[in-house]
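*Asks:* Below you'll find start29.cif; it's mmCIF, C-alpha atoms.
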```
data_structure
loop_
_atom_site.label_atom_id
_atom_site.label_comp_id
_atom_site.auth_asym_id
_atom_site.auth_seq_id
_atom_site.Cartn_x
_atom_site.Cartn_y
_atom_site.Cartn_z
CA MET A 596 77.16 -42.71 -132.79
CA LYS A 597 76.62 -39.06 -131.88
CA ASN A 598 73.00 -38.38 -131.00
CA LEU A 599 72.16 -35.49 -133.30
CA PHE A 600 68.53 -35.36 -132.18
CA LYS A 601 69.67 -34.81 -128.60
CA ASP A 602 72.12 -32.16 -129.73
CA ASN A 603 69.46 -30.35 -131.73
CA ILE A 604 66.77 -30.22 -129.06
CA CYS A 605 69.30 -29.17 -126.44
CA LYS A 606 70.31 -26.30 -128.74
CA ASN A 607 66.67 -25.27 -129.21
CA LYS A 608 66.68 -26.31 -132.86
CA PHE A 609 63.07 -27.24 -133.52
CA GLN A 610 62.50 -30.86 -134.57
CA LEU A 611 59.33 -32.06 -136.35
CA GLY A 612 58.38 -35.70 -135.98
CA LEU A 613 55.96 -38.47 -136.89
CA TRP A 614 54.56 -41.24 -134.66
CA SER A 615 54.69 -44.76 -136.07
CA SER A 616 52.54 -47.70 -134.96
CA LEU A 617 52.08 -49.72 -138.17
CA CYS A 618 54.76 -52.26 -137.14
CA SER A 619 56.02 -52.66 -140.71
CA GLU A 620 59.50 -52.20 -142.12
CA ILE A 621 57.90 -51.36 -145.49
CA SER A 622 55.80 -48.55 -144.08
CA ALA A 623 58.85 -47.43 -142.09
CA ASP A 624 60.79 -47.24 -145.34
CA VAL A 625 57.99 -45.15 -146.86
CA ILE A 626 57.80 -42.60 -144.05
CA GLY A 627 61.57 -42.67 -143.67
CA GLY A 628 61.80 -40.98 -147.06
CA SER A 629 59.56 -38.08 -146.01
CA GLY A 630 62.25 -36.07 -144.25
CA PHE A 631 60.88 -35.81 -140.72
CA ASP A 632 63.54 -34.91 -138.17
CA TRP A 633 62.48 -37.83 -135.99
CA ILE A 634 60.20 -40.84 -136.13
CA LEU A 635 59.00 -42.57 -133.00
CA LEU A 636 58.41 -46.32 -133.03
CA ASP A 637 55.73 -47.02 -130.47
CA MET A 638 55.76 -50.16 -128.34
CA GLU A 639 53.13 -49.06 -125.81
CA HIS A 640 50.04 -48.94 -128.03
CA SER A 641 51.00 -51.19 -130.93
CA ALA A 642 51.97 -54.78 -131.75
CA ASN A 643 55.68 -53.95 -131.91
CA ASP A 644 58.38 -56.06 -130.25
CA VAL A 645 62.15 -55.63 -130.15
CA LYS A 646 62.71 -57.46 -133.44
CA SER A 647 60.07 -55.46 -135.30
CA VAL A 648 61.30 -52.06 -134.11
CA LEU A 649 64.83 -53.08 -135.06
CA SER A 650 63.85 -53.91 -138.65
CA GLN A 651 61.86 -50.68 -138.90
CA ALA A 652 64.76 -48.66 -137.52
CA GLN A 653 67.09 -50.17 -140.11
CA ALA A 654 64.68 -49.13 -142.87
CA ILE A 655 64.37 -45.59 -141.53
CA GLU A 656 68.07 -45.16 -140.86
CA SER A 657 68.95 -46.35 -144.37
CA ARG A 658 67.20 -43.24 -145.68
CA GLY A 659 69.47 -40.93 -143.72
CA ASN A 660 66.71 -38.42 -142.94
CA SER A 661 65.23 -39.16 -139.53
CA HIS A 662 66.41 -40.00 -136.05
CA VAL A 663 64.65 -43.00 -134.50
CA ILE A 664 63.10 -42.74 -131.05
CA VAL A 665 61.44 -45.66 -129.28
CA ARG A 666 58.69 -45.58 -126.69
CA PRO A 667 58.92 -48.80 -124.64
CA ALA A 668 55.69 -50.26 -123.33
CA TRP A 669 56.50 -49.22 -119.76
CA ASN A 670 59.13 -47.76 -117.47
CA ASP A 671 60.80 -51.12 -116.93
CA PRO A 672 64.53 -51.97 -117.08
CA VAL A 673 63.67 -55.40 -118.50
CA LEU A 674 61.98 -53.74 -121.50
CA ILE A 675 64.58 -51.00 -121.98
CA LYS A 676 67.73 -53.17 -121.77
CA PRO A 677 67.30 -55.07 -125.08
CA LEU A 678 66.48 -51.82 -126.87
CA LEU A 679 69.78 -50.33 -125.70
CA ASP A 680 71.67 -53.45 -126.75
CA ASN A 681 70.05 -53.26 -130.18
CA GLY A 682 71.40 -49.78 -130.76
CA PHE A 683 68.59 -47.48 -129.67
CA ASN A 684 69.66 -44.51 -127.60
CA SER A 685 66.63 -42.18 -127.60
CA PHE A 686 63.57 -43.03 -125.51
CA ILE A 687 60.27 -41.49 -124.55
CA VAL A 688 59.31 -43.39 -121.41
CA PRO A 689 55.57 -43.44 -120.61
CA MET A 690 53.75 -42.46 -117.44
CA VAL A 691 56.55 -40.96 -115.35
CA ASN A 692 54.82 -39.16 -112.48
CA ASN A 693 57.51 -38.24 -109.98
CA ILE A 694 61.23 -38.09 -109.29
CA GLU A 695 61.37 -41.70 -108.08
CA GLU A 696 59.96 -42.95 -111.39
CA ALA A 697 62.30 -40.63 -113.30
CA LYS A 698 65.26 -42.10 -111.41
CA LYS A 699 64.03 -45.60 -112.28
CA ALA A 700 64.07 -44.69 -115.99
CA VAL A 701 67.55 -43.22 -115.70
CA SER A 702 68.81 -46.29 -113.87
CA ALA A 703 67.53 -48.53 -116.66
CA CYS A 704 69.56 -46.64 -119.26
CA PHE A 705 72.94 -46.47 -117.54
CA TYR A 706 75.56 -48.99 -116.51
CA PRO A 707 76.62 -49.44 -112.86
CA PRO A 708 77.39 -47.65 -110.67
CA ARG A 709 75.03 -45.02 -112.10
CA GLY A 710 72.34 -47.50 -113.09
CA VAL A 711 71.38 -51.13 -113.43
CA ARG A 712 71.80 -51.77 -117.16
CA GLY A 713 73.18 -55.24 -117.73
CA VAL A 714 76.52 -55.52 -119.51
CA ALA A 715 77.09 -57.35 -122.78
CA PHE A 716 80.21 -56.82 -124.85
CA ILE A 717 78.94 -57.81 -128.30
CA HIS A 718 75.65 -56.38 -129.58
CA ARG A 719 74.31 -54.09 -132.29
CA GLY A 720 74.73 -51.06 -130.02
CA ASN A 721 78.52 -51.34 -130.11
CA ASP A 722 78.58 -52.60 -133.72
CA TYR A 723 79.06 -56.17 -132.52
CA GLY A 724 82.21 -55.32 -130.59
CA ARG A 725 83.80 -53.16 -133.28
CA ASN A 726 83.16 -49.86 -131.48
CA LYS A 727 85.85 -49.91 -128.83
CA ASN A 728 84.72 -46.54 -127.42
CA TYR A 729 81.11 -47.57 -126.81
CA LEU A 730 81.34 -47.90 -123.03
CA LYS A 731 83.03 -44.50 -122.82
CA ASP A 732 80.69 -42.67 -125.20
CA ILE A 733 77.24 -44.22 -124.81
CA GLU A 734 76.09 -42.37 -121.69
CA LYS A 735 76.51 -38.91 -123.20
CA ASN A 736 74.53 -40.06 -126.23
CA ILE A 737 71.54 -41.38 -124.29
CA CYS A 738 68.51 -39.17 -124.84
CA LEU A 739 66.04 -39.98 -122.07
CA ILE A 740 62.68 -38.21 -122.16
CA PRO A 741 60.09 -39.02 -119.48
CA GLN A 742 56.48 -38.60 -120.57
CA LEU A 743 54.16 -36.48 -118.42
CA GLU A 744 50.61 -37.82 -118.68
CA THR A 745 48.89 -36.89 -115.42
CA ARG A 746 48.29 -33.83 -113.26
CA GLU A 747 50.72 -35.31 -110.74
CA ALA A 748 53.42 -35.50 -113.37
CA MET A 749 52.80 -31.93 -114.50
CA LYS A 750 53.00 -30.76 -110.88
CA ASN A 751 56.33 -32.58 -110.51
CA CYS A 752 57.75 -31.43 -113.86
CA SER A 753 60.63 -29.46 -112.33
CA ALA A 754 61.85 -32.34 -110.19
CA ILE A 755 61.54 -34.78 -113.08
CA ALA A 756 63.31 -32.45 -115.51
CA ASN A 757 66.17 -31.83 -113.07
CA THR A 758 66.76 -35.53 -112.41
CA ASP A 759 70.34 -36.34 -113.37
CA GLY A 760 70.29 -38.25 -116.65
CA VAL A 761 67.01 -36.81 -117.94
CA THR A 762 67.45 -34.95 -121.23
CA GLY A 763 64.02 -33.36 -121.58
CA LEU A 764 60.31 -33.95 -121.10
CA PHE A 765 57.33 -34.93 -123.24
CA ILE A 766 53.69 -34.06 -122.57
CA GLY A 767 51.07 -36.65 -123.52
CA PRO A 768 47.84 -34.66 -123.96
CA ALA A 769 45.60 -37.72 -124.49
CA ASP A 770 46.22 -39.38 -121.13
CA LEU A 771 46.48 -35.97 -119.48
CA SER A 772 42.98 -35.11 -120.71
CA ALA A 773 41.75 -38.45 -119.34
CA ASP A 774 43.34 -37.73 -115.96
CA MET A 775 41.56 -34.35 -115.99
CA SER A 776 38.20 -36.05 -116.73
CA ILE A 777 37.97 -34.32 -120.11
CA MET A 778 39.14 -37.25 -122.24
CA GLY A 779 39.76 -36.26 -125.85
CA ASP A 780 38.69 -32.62 -125.41
CA PHE A 781 41.72 -31.05 -127.00
CA ASP A 782 40.10 -27.60 -127.12
CA ASN A 783 39.63 -27.46 -123.36
CA LYS A 784 40.98 -24.25 -121.85
CA ASP A 785 42.06 -25.88 -118.59
CA LEU A 786 44.05 -28.46 -120.52
CA TRP A 787 45.93 -25.82 -122.47
CA ASN A 788 46.45 -23.60 -119.44
CA LEU A 789 48.17 -26.52 -117.72
CA ILE A 790 50.20 -27.40 -120.81
CA GLU A 791 51.36 -23.83 -121.35
CA LYS A 792 52.25 -23.41 -117.67
CA THR A 793 54.33 -26.59 -117.77
CA VAL A 794 56.10 -25.58 -120.98
CA LYS A 795 57.12 -22.28 -119.40
CA THR A 796 58.39 -24.02 -116.29
CA VAL A 797 60.44 -26.59 -118.21
CA LYS A 798 61.86 -23.98 -120.57
CA SER A 799 62.92 -21.87 -117.59
CA LEU A 800 65.04 -24.84 -116.52
CA ASN A 801 66.73 -24.87 -119.95
CA LYS A 802 65.31 -28.32 -120.70
CA PRO A 803 63.73 -29.23 -124.06
CA ILE A 804 60.10 -30.28 -124.14
CA GLY A 805 58.01 -32.05 -126.76
CA THR A 806 54.53 -33.39 -127.47
CA LEU A 807 52.35 -35.24 -129.97
CA ILE A 808 49.21 -33.65 -131.39
CA GLY A 809 47.41 -34.58 -134.58
CA ARG A 810 45.50 -31.44 -135.59
CA PRO A 811 47.37 -28.90 -137.75
CA ASP A 812 45.99 -25.93 -135.77
CA LEU A 813 47.19 -27.47 -132.52
CA VAL A 814 50.57 -28.37 -133.99
CA LYS A 815 51.02 -24.69 -134.83
CA ARG A 816 49.89 -23.74 -131.34
CA CYS A 817 52.45 -26.08 -129.81
CA ILE A 818 55.21 -24.59 -131.93
CA ASP A 819 54.11 -21.05 -131.05
CA ILE A 820 54.14 -21.68 -127.28
CA GLY A 821 57.69 -23.00 -127.39
CA PHE A 822 57.74 -26.78 -127.75
CA ASP A 823 61.16 -27.91 -129.00
CA PHE A 824 59.96 -31.07 -130.75
CA VAL A 825 56.46 -31.93 -131.90
CA GLY A 826 54.97 -35.07 -133.41
CA CYS A 827 52.48 -33.74 -135.94
CA GLY A 828 50.65 -36.99 -136.71
CA THR A 829 50.73 -40.77 -136.84
CA ASP A 830 51.19 -43.22 -139.68
CA LEU A 831 48.01 -45.03 -138.60
CA THR A 832 45.98 -41.84 -138.97
CA LEU A 833 47.53 -41.01 -142.33
CA LEU A 834 46.63 -44.42 -143.73
CA ALA A 835 43.11 -44.54 -142.25
CA ARG A 836 42.17 -41.04 -143.40
CA ALA A 837 43.61 -41.46 -146.87
CA ALA A 838 41.80 -44.79 -147.29
CA ASP A 839 38.51 -43.28 -146.11
CA GLU A 840 38.87 -40.22 -148.33
CA LEU A 841 39.62 -42.35 -151.38
CA LYS A 842 36.62 -44.58 -150.76
CA ASN A 843 34.33 -41.60 -150.11
CA SER A 844 35.38 -40.07 -153.43
CA PHE A 845 33.67 -42.88 -155.32
CA LYS A 846 31.16 -44.48 -152.94
#
```
Hey, can you dump this file as structure tokens for me?

*Replies:*
Amino acid sequence: MKNLFKDNICKNKFQLGLWSSLCSEISADVIGGSGFDWILLDMEHSANDVKSVLSQAQAIESRGNSHVIVRPAWNDPVLIKPLLDNGFNSFIVPMVNNIEEAKKAVSACFYPPRGVRGVAFIHRGNDYGRNKNYLKDIEKNICLIPQLETREAMKNCSAIANTDGVTGLFIGPADLSADMSIMGDFDNKDLWNLIEKTVKTVKSLNKPIGTLIGRPDLVKRCIDIGFDFVGCGTDLTLLARAADELKNSFK
């Protein structure tokens, strides 16, 4: 049950990851064999539901290589509760802009009196009632990572990072670029100045910070400026590019 991903990022052990949106247990099995430190199953920008992420997680976990993270569709206790009950304990929660929204995410992940998570005594999370220590151990194994996607969120990064129950932070450069009116301009100097400033601030608080970026040169840049965990691509992109390259080789 121990959350090794949480342990590693909190000990500044760099973790390389892959984003997954294909919604297939077969593709999850394929990428699960690649040896990434973590794989995120996305529910915000994909057709995933609780049942599909569960089957994908089982395929990935059977490989024994990668820790599974889930991004729920929104910062909503109703969406997070079934994920917890189905055994997920690491979350990147989208569009957290301030301390109030960070507290809402924390509350969704913890039982009363700390939070509002509903109580069930038999579910996959506690091995269907077999894990008698679940209620005692689960809270220290929750890895909650709010996602900063706006200038407001970046401004409030210290308050969000220091919210009790928050493990670390995640910068979403795509939505951040949109909020800055430079959508998709990942070479923009102002974008990177803001990212680098935020990384320094969060690191000064001894909190881990991660991101997702698809270009190899920018992945290296993220590693060099101190990100603790980086998603270096997506399964959708890998499939689309490989299919296009194969077709273009002959047609």

*Asks:* Report, in Å with one decimal, the straight-line distance from atom CA of A:Trp633 to atom CA of A:Glu620.

*Replies:*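 These two atoms are separated by 15.9 Å.
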
*Asks:* Can you check which parts of stretch 611-711 of chain A lie within 6 Å of stretch 826-835 of chain A? Per residue, the shortest pair of atoms and distance in Å to one decimal, counting only C-alpha atoms, sorted by chain and number, as a Markdown table.

*Replies:*
```
| residue | atom | partner | partner_atom | distance |
| --- | --- | --- | --- | --- |
| A:Gly612 | CA | A:Gly826 | CA | 4.3 |
| A:Leu613 | CA | A:Gly826 | CA | 5.0 |
| A:Trp614 | CA | A:Thr829 | CA | 4.4 |
| A:Ser615 | CA | A:Asp830 | CA | 5.3 |
```

*Asks:* When distances are computed from all atoms listed in the file, which of A:Ser650, A:Asn692, A:Ser799, A:Ser616 shows the smallest separation from A:Thr745?

*Replies:*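 Smallest distance to A:Thr745 is found for A:Asn692.
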
*Asks:* Would you work out the distance separating atom CA of A:Val701 from atom CA of A:Glu734, expressed in Å to one decimal?

*Replies:*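 Atom-to-atom, atom CA of A:Val701 to atom CA of A:Glu734, that is 10.5 Å.
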
*Asks:* Suppose a student applies the PyMOL selection byres ((chain A and resi 654) around 8) to this structure; what residues should they get, written as JSON, numbers by chain?

*Replies:* {"A": [620, 621, 623, 624, 627, 650, 651, 652, 653, 655, 656, 657, 658]}

*Asks:* Measuring atom to atom with all atoms listed in the file, identify which of A:Gly724, A:Pro667, A:Gly809, A:Pro708 is nearest to A:Met638.

*Replies:* A:Pro667

*Asks:* Quick one, how far is atom CA of A:Ala748 from atom CA of A:Ala773?

*Replies:* 13.4 Å

*Asks:* Give the answer as one residue: which of A:Gly821, A:Arg719, A:Glu791, A:Phe686 has the shortest atom-to-atom distance to A:Lys608, using all atoms listed in the file?

*Replies:*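 Ranking A:Gly821, A:Arg719, A:Glu791, A:Phe686 by distance to A:Lys608, first place goes to A:Gly821.
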
*Asks:* If you apply the PyMOL selection byres ((chain A and resi 683) around 9) to this file, what residues do you get, as a tab-separated table (two decimals) with C-alpha atoms, in the coordinates of the input?

*Replies:*
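Output saved as out35.tsv:
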```
chain	number	residue	atom	x	y	z
A	649	LEU	CA	64.83	-53.08	-135.06
A	652	ALA	CA	64.76	-48.66	-137.52
A	663	VAL	CA	64.65	-43.00	-134.50
A	664	ILE	CA	63.10	-42.74	-131.05
A	665	VAL	CA	61.44	-45.66	-129.28
A	677	PRO	CA	67.30	-55.07	-125.08
A	678	LEU	CA	66.48	-51.82	-126.87
A	679	LEU	CA	69.78	-50.33	-125.70
A	680	ASP	CA	71.67	-53.45	-126.75
A	681	ASN	CA	70.05	-53.26	-130.18
A	682	GLY	CA	71.40	-49.78	-130.76
A	684	ASN	CA	69.66	-44.51	-127.60
A	685	SER	CA	66.63	-42.18	-127.60
A	686	PHE	CA	63.57	-43.03	-125.51
A	720	GLY	CA	74.73	-51.06	-130.02
A	737	ILE	CA	71.54	-41.38	-124.29
```

*Asks:* Any chance you could build stretch 661-672 of chain A out to all heavy atoms and write it as a JSON list (two decimals), keeping the file's coordinate frame?

*Replies:*
```json
[["chain", "number", "residue", "atom", "x", "y", "z"],
["A", 661, "SER", "N", 65.93, -39.29, -140.81],
["A", 661, "SER", "CA", 65.23, -39.16, -139.53],
["A", 661, "SER", "C", 65.93, -39.92, -138.42],
["A", 661, "SER", "O", 66.45, -41.02, -138.64],
["A", 661, "SER", "CB", 63.80, -39.71, -139.67],
["A", 661, "SER", "OG", 63.12, -39.11, -140.74],
["A", 662, "HIS", "N", 65.91, -39.33, -137.24],
["A", 662, "HIS", "CA", 66.41, -40.00, -136.05],
["A", 662, "HIS", "C", 65.31, -40.88, -135.48],
["A", 662, "HIS", "O", 64.15, -40.46, -135.41],
["A", 662, "HIS", "CB", 66.86, -38.98, -135.01],
["A", 662, "HIS", "CG", 67.44, -39.59, -133.78],
["A", 662, "HIS", "ND1", 68.74, -40.05, -133.73],
["A", 662, "HIS", "CD2", 66.91, -39.83, -132.55],
["A", 662, "HIS", "CE1", 68.99, -40.54, -132.52],
["A", 662, "HIS", "NE2", 67.89, -40.42, -131.79],
["A", 663, "VAL", "N", 65.64, -42.07, -135.04],
["A", 663, "VAL", "CA", 64.65, -43.00, -134.50],
["A", 663, "VAL", "C", 64.60, -42.90, -132.98],
["A", 663, "VAL", "O", 65.63, -42.97, -132.30],
["A", 663, "VAL", "CB", 64.98, -44.45, -134.91],
["A", 663, "VAL", "CG1", 64.01, -45.42, -134.24],
["A", 663, "VAL", "CG2", 64.92, -44.61, -136.43],
["A", 664, "ILE", "N", 63.38, -42.72, -132.48],
["A", 664, "ILE", "CA", 63.10, -42.74, -131.05],
["A", 664, "ILE", "C", 62.20, -43.94, -130.79],
["A", 664, "ILE", "O", 61.39, -44.30, -131.64],
["A", 664, "ILE", "CB", 62.40, -41.44, -130.60],
["A", 664, "ILE", "CG1", 63.22, -40.21, -130.99],
["A", 664, "ILE", "CG2", 62.15, -41.46, -129.09],
["A", 664, "ILE", "CD1", 62.49, -38.89, -130.75],
["A", 665, "VAL", "N", 62.32, -44.55, -129.64],
["A", 665, "VAL", "CA", 61.44, -45.66, -129.28],
["A", 665, "VAL", "C", 60.70, -45.30, -127.99],
["A", 665, "VAL", "O", 61.29, -44.73, -127.06],
["A", 665, "VAL", "CB", 62.23, -46.97, -129.07],
["A", 665, "VAL", "CG1", 61.31, -48.08, -128.60],
["A", 665, "VAL", "CG2", 62.93, -47.39, -130.36],
["A", 666, "ARG", "N", 59.41, -45.63, -127.96],
["A", 666, "ARG", "CA", 58.69, -45.58, -126.69],
["A", 666, "ARG", "C", 58.46, -47.01, -126.22],
["A", 666, "ARG", "O", 57.65, -47.75, -126.81],
["A", 666, "ARG", "CB", 57.34, -44.86, -126.83],
["A", 666, "ARG", "CG", 56.59, -44.82, -125.48],
["A", 666, "ARG", "CD", 55.42, -43.88, -125.47],
["A", 666, "ARG", "NE", 54.31, -44.35, -126.29],
["A", 666, "ARG", "CZ", 53.11, -43.77, -126.31],
["A", 666, "ARG", "NH1", 52.90, -42.68, -125.58],
["A", 666, "ARG", "NH2", 52.15, -44.25, -127.08],
["A", 667, "PRO", "N", 59.17, -47.46, -125.18],
["A", 667, "PRO", "CA", 58.92, -48.80, -124.64],
["A", 667, "PRO", "C", 57.53, -48.87, -124.04],
["A", 667, "PRO", "O", 56.90, -47.85, -123.75],
["A", 667, "PRO", "CB", 60.01, -48.96, -123.57],
["A", 667, "PRO", "CG", 60.37, -47.57, -123.19],
["A", 667, "PRO", "CD", 60.19, -46.72, -124.41],
["A", 668, "ALA", "N", 57.05, -50.08, -123.83],
["A", 668, "ALA", "CA", 55.69, -50.26, -123.33],
["A", 668, "ALA", "C", 55.51, -49.71, -121.91],
["A", 668, "ALA", "O", 54.40, -49.32, -121.54],
["A", 668, "ALA", "CB", 55.32, -51.74, -123.36],
["A", 669, "TRP", "N", 56.61, -49.68, -121.14],
["A", 669, "TRP", "CA", 56.50, -49.22, -119.76],
["A", 669, "TRP", "C", 57.87, -48.83, -119.24],
["A", 669, "TRP", "O", 58.89, -49.11, -119.88],
["A", 669, "TRP", "CB", 55.88, -50.30, -118.87],
["A", 669, "TRP", "CG", 55.34, -49.79, -117.56],
["A", 669, "TRP", "CD1", 55.81, -50.08, -116.31],
["A", 669, "TRP", "CD2", 54.24, -48.91, -117.37],
["A", 669, "TRP", "NE1", 55.05, -49.44, -115.36],
["A", 669, "TRP", "CE2", 54.09, -48.71, -115.98],
["A", 669, "TRP", "CE3", 53.36, -48.25, -118.25],
["A", 669, "TRP", "CZ2", 53.10, -47.87, -115.44],
["A", 669, "TRP", "CZ3", 52.37, -47.43, -117.71],
["A", 669, "TRP", "CH2", 52.24, -47.25, -116.33],
["A", 670, "ASN", "N", 57.89, -48.17, -118.12],
["A", 670, "ASN", "CA", 59.13, -47.76, -117.47],
["A", 670, "ASN", "C", 59.70, -48.96, -116.72],
["A", 670, "ASN", "O", 59.55, -49.08, -115.50],
["A", 670, "ASN", "CB", 58.84, -46.60, -116.52],
["A", 670, "ASN", "CG", 60.08, -46.06, -115.82],
["A", 670, "ASN", "OD1", 61.20, -46.42, -116.16],
["A", 670, "ASN", "ND2", 59.87, -45.21, -114.83],
["A", 671, "ASP", "N", 60.37, -49.85, -117.47],
["A", 671, "ASP", "CA", 60.80, -51.12, -116.93],
["A", 671, "ASP", "C", 62.19, -51.45, -117.47],
["A", 671, "ASP", "O", 62.37, -51.54, -118.69],
["A", 671, "ASP", "CB", 59.80, -52.21, -117.32],
["A", 671, "ASP", "CG", 60.08, -53.56, -116.68],
["A", 671, "ASP", "OD1", 61.23, -53.80, -116.26],
["A", 671, "ASP", "OD2", 59.16, -54.38, -116.61],
["A", 672, "PRO", "N", 63.18, -51.64, -116.61],
["A", 672, "PRO", "CA", 64.53, -51.97, -117.08],
["A", 672, "PRO", "C", 64.57, -53.21, -117.96],
["A", 672, "PRO", "O", 65.40, -53.30, -118.87],
["A", 672, "PRO", "CB", 65.31, -52.19, -115.78],
["A", 672, "PRO", "CG", 64.57, -51.43, -114.75],
["A", 672, "PRO", "CD", 63.13, -51.50, -115.14]]
```
